[in-house]
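Participant: The following block contains the structure, expressed as structure tokens.
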Amino acid sequence: MTISESITPPVLPVATPSRSWAWLTNDLRRRRGGTAVAVLVGLAAAGMATVPIYLLGTLVDRVSDGGTVGGLVGVSVVIGVTALIGGLGTGLSTYLVTRLGEQTVADLREDVLERALNVPATMIEETGRGDLLSRVGADIGAVAKAVSQVLPEMLNAFFLGIVTVAGMSSIDWRLGLAGALCIPAYAAGLKWYLPRSAPRYAEQRVAIAARAQATVESVQGVRTIDAYEIHDRRLADIDRESARARDISVAVFTLFTRLVGRVNRAEFIGLTATLVVGFLLVRSGTVTVGQTTAAAFMFHRLFNPIGMMMYNFDEIQAGAACLARLVGVVDMATPAATQSAAGKPTSVPAGSDVEIDEVSFAYGAGPQVLHDVSLTIPAGTRCALVGTTGGGKTTLAAVVAGLLAPTRGESRIGGVPVGEIDRGSLRDWVATITQEVHVFSGPLIDDLRLVAPDASIDEVWAALHQVGAGAWVEALDDGLDTLVGEQGLALTAAQAQHIAMARLVLADAQVVVLDEATAEAGSAHAAELEAAAAAATKGRTTLVVAHRLTQAATADKIAVMDDGRIVESGSHAELVALDGRYARLWRAWSTHG
């Protein structure tokens, strides 16, 4: 393995073509009626669109035979009526196929979002947010475009091709065979194109995801970039990823232009064969000039739809590559799916006490981050985790919250292993607040009700007042109806944490994990938010990853972590008296603040 390979970040899974096809057919199978109607209407519309050309041959024969004006007018009227019906039928077929496809895309979008919201957050962090964002954004858009714009045209062309070959064969089987000679040429073109283009399209989606990742990281880390003045380096990274995506796109388009030549060759073969066979059949008296004309027009009429179908294969290829990436997300194992597949029983905790028993954990194939950690937090008490950065505090907190599954040992709530608590009710038992709190765009009350949609106005206000946020919310022009987030009022870091604490009260979880939840607010609001956290967690079993030792000093129990182990534990007074690692941290904090 090369050095570059060893540091290649993991990526989200991509489904195989067979798995993508299986997902698609399973989804369509749930709409058998709609699928059958779309196919039947498409075939009927193609048949009606072919009738005018067939009648055109009859019109040619009548003119050659000196037919009357009345007879010619009658045939012309029928041609016009059937052409109109055929056009309306094609429009209806397009509508039905588009509606069916949009329903399928809606199912796919919901499945992807549901799975993305339920996979462990650490997996998203390891693979990079840009990959997931490109899938739920650009990839969904590519599939939707293929379904709404490309698929209806391709299906209509396919239906028209079937009916045309059948119509030519009904005139004379040799004419049908002559027109069908183009099929091997079309197939040869696709056989050349698909194996070469499919990997390139998949590579293109990966390159687009890498470009999105580089852009997202630069936007999110703009303050760090400014601090270290590494703008040129970040721009170079974005430029490199953009150039790679551009070069792959150019290579894909080059393949497509070479496909065009093969499509033209297939059309030439089919039309030439039809005209030559038609000439020979007319000379032998087997068919009429009008019938040969109709056959030639039928085949010529396929040029645009069949060509469109072939040319749109690049869109289909892109859509297929995107579908594989999206189905890959759908197939990702969530804790609930893993629990169900393993046949683990689900249990209800008997209380809110937390027991961590000989827990070890490692991220993937990396070194162990936690080493046989044991800790007990009695129900309703508060435990603080302190220690230097990298000691394993956040990882242990994630194990308690059920965000990570230990590689060895158990974390229990109320005597029940976290892995055996029903995933649907786990968040009713344990809630987590980190230093990164997101404020969703919309009315403030909707943001507060995220965890308790049925909460009354009085309950919302009570939660706000409990955490000390009632005063500033009342001071807003529209109160709880104030628009916040990107499209409204930008809340400060302290206000956003207040909202998170109020949500915690409304969620009414029995166990709370605070992972440096007041770190982002700054010293000016530290005491205010620590008071809010204390009020929100009163009476709840609480594990605090302490950013400030003032948080630890008020806890019932303190656990000092270093290198993935608990090296000291006890109350604040006990640990200061012990004059060990915590005492040294406390003296440094007291001296320098």
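Each chain in the structure tokens gets a letter, A, B, ..., in the order shown, and its residues are numbered from 1; ligands are numbered from 1 in order too.
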List the spatial neighbours of Gln103 in chain A as a list in words - criterion: any atom at most 12 Å away, only C-alpha atoms, same-chain residues fewer than 2 positions off excluded.
Facilitator: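 Counting only C-alpha atoms, the residues come to Leu24, Asp27, Leu28, Arg30, Arg31, Gly34, Thr35, Leu96, Val97, Thr98, Arg99, Leu100, Gly101, Val105, Ala106, Asp107, Leu108, Arg109, Glu110, Ala144, Val147 and Ser148 of chain A.
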Participant: Considering only C-alpha atoms, return as a list in words whatever protein or nucleic-acid residues lie within 9 Å of range 173-185 of chain A, sequence-local ones (same chain, fewer than 5 positions apart) excluded.
Facilitator: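 What passes the distance filter is Thr164, Val165, Ala166, Gly167, Met168, Leu190, Arg262, Val263, Arg265, Ala266, Glu267, Phe268, Ile269, Gly270, Leu271, Thr272, Ala273, Thr274, Leu275, Val276, Val277, Gly278, Leu281, Thr292, Ala295, Ala296 and Phe299 of chain A.
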Participant: May I have the residues within 10 Å of Lys145 in chain A as a CSV table (one decimal) with C-alpha atoms, in the first residue's frame, using only C-alpha atoms and disregarding those fewer than 5 positions away in the same chain?
Facilitator:
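Output (result_24.csv):
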```csv
chain,number,residue,atom,x,y,z
A,102,GLU,CA,-41.3,11.6,-9.9
A,139,ASP,CA,-27.2,13.4,-7.4
A,140,ILE,CA,-30.9,13.6,-6.6
A,150,VAL,CA,-34.9,11.9,-20.5
A,151,LEU,CA,-36.8,8.8,-19.5
A,315,GLU,CA,-27.9,11.4,-19.1
A,316,ILE,CA,-29.1,7.9,-18.3
A,319,GLY,CA,-28.5,9.1,-13.7
```
Participant: Can you measure CA of Val287 in chain A to CA of Ala49 in chain A for me? One decimal in Å is fine.
Facilitator: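 CA of Ala49 in chain A lies at a distance of 22.4 Å from CA of Val287 in chain A.
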Participant: Could you write out, as a PyMOL selection string, all the residues of range 246-389 of chain A that DSSP marks as strand (DSSP E or B)?
Facilitator: chain A and resi 347+354-362+368-377+382-387
Participant: Neighbouring residues of His498 in chain A were defined as those with any atom within 9 Å, considering only C-alpha atoms; residues of the same chain fewer than 6 positions away were excluded. Please report them as a PyMOL selection string.
Facilitator: chain A and resi 464+467-469+529+532-533
Participant: Can you pull out every residue within 6 Å of range 481-497 of chain A, counting only C-alpha atoms, but drop anything in the same chain fewer than 5 positions away, and send it as a ChimeraX atom specification?
Facilitator: /A:439-444,521
Participant: Select, from A:Ile238, A:Val544, A:Val77, A:Ala531, the residue with the minimum atom-to-atom distance to Cys383 in chain A, counting only C-alpha atoms.
Facilitator: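 Answer, going by the shortest atom-to-atom distance: A:Val544.
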Participant: For the helix (DSSP H, G or I) assignment from backbone DSSP, which residues of range 287-412 of chain A qualify? Please present them as number ranges by chain.
Facilitator: A: 289-301, 303-311, 313-330, 335-341, 393-401
Participant: Could you pull the residues within 7 Å of Pro349 in chain A, counting only C-alpha atoms, minus those fewer than 3 positions along the same chain, as an mmCIF file with all heavy atoms, in the first residue's frame?
Facilitator:
```
data_model
loop_
_atom_site.group_PDB
_atom_site.id
_atom_site.type_symbol
_atom_site.label_atom_id
_atom_site.label_comp_id
_atom_site.auth_asym_id
_atom_site.auth_seq_id
_atom_site.Cartn_x
_atom_site.Cartn_y
_atom_site.Cartn_z
ATOM 1 N N ILE A 413 -28.011 1.865 30.584
ATOM 2 C CA ILE A 413 -28.907 2.858 31.179
ATOM 3 C C ILE A 413 -30.017 2.092 31.887
ATOM 4 O O ILE A 413 -30.702 1.286 31.259
ATOM 5 C CB ILE A 413 -29.503 3.800 30.127
ATOM 6 C CG1 ILE A 413 -28.413 4.633 29.463
ATOM 7 C CG2 ILE A 413 -30.542 4.727 30.763
ATOM 8 C CD1 ILE A 413 -28.910 5.536 28.342
ATOM 9 N N GLY A 414 -30.150 2.319 33.171
ATOM 10 C CA GLY A 414 -31.184 1.607 33.920
ATOM 11 C C GLY A 414 -31.011 0.105 33.850
ATOM 12 O O GLY A 414 -32.002 -0.643 33.853
ATOM 13 N N GLY A 415 -29.767 -0.355 33.790
ATOM 14 C CA GLY A 415 -29.487 -1.780 33.746
ATOM 15 C C GLY A 415 -29.592 -2.413 32.378
ATOM 16 O O GLY A 415 -29.324 -3.604 32.226
ATOM 17 N N VAL A 416 -29.986 -1.645 31.355
ATOM 18 C CA VAL A 416 -30.168 -2.185 30.006
ATOM 19 C C VAL A 416 -29.040 -1.672 29.108
ATOM 20 O O VAL A 416 -28.804 -0.454 29.041
ATOM 21 C CB VAL A 416 -31.528 -1.770 29.422
ATOM 22 C CG1 VAL A 416 -31.670 -2.265 27.991
ATOM 23 C CG2 VAL A 416 -32.664 -2.296 30.290
#
```
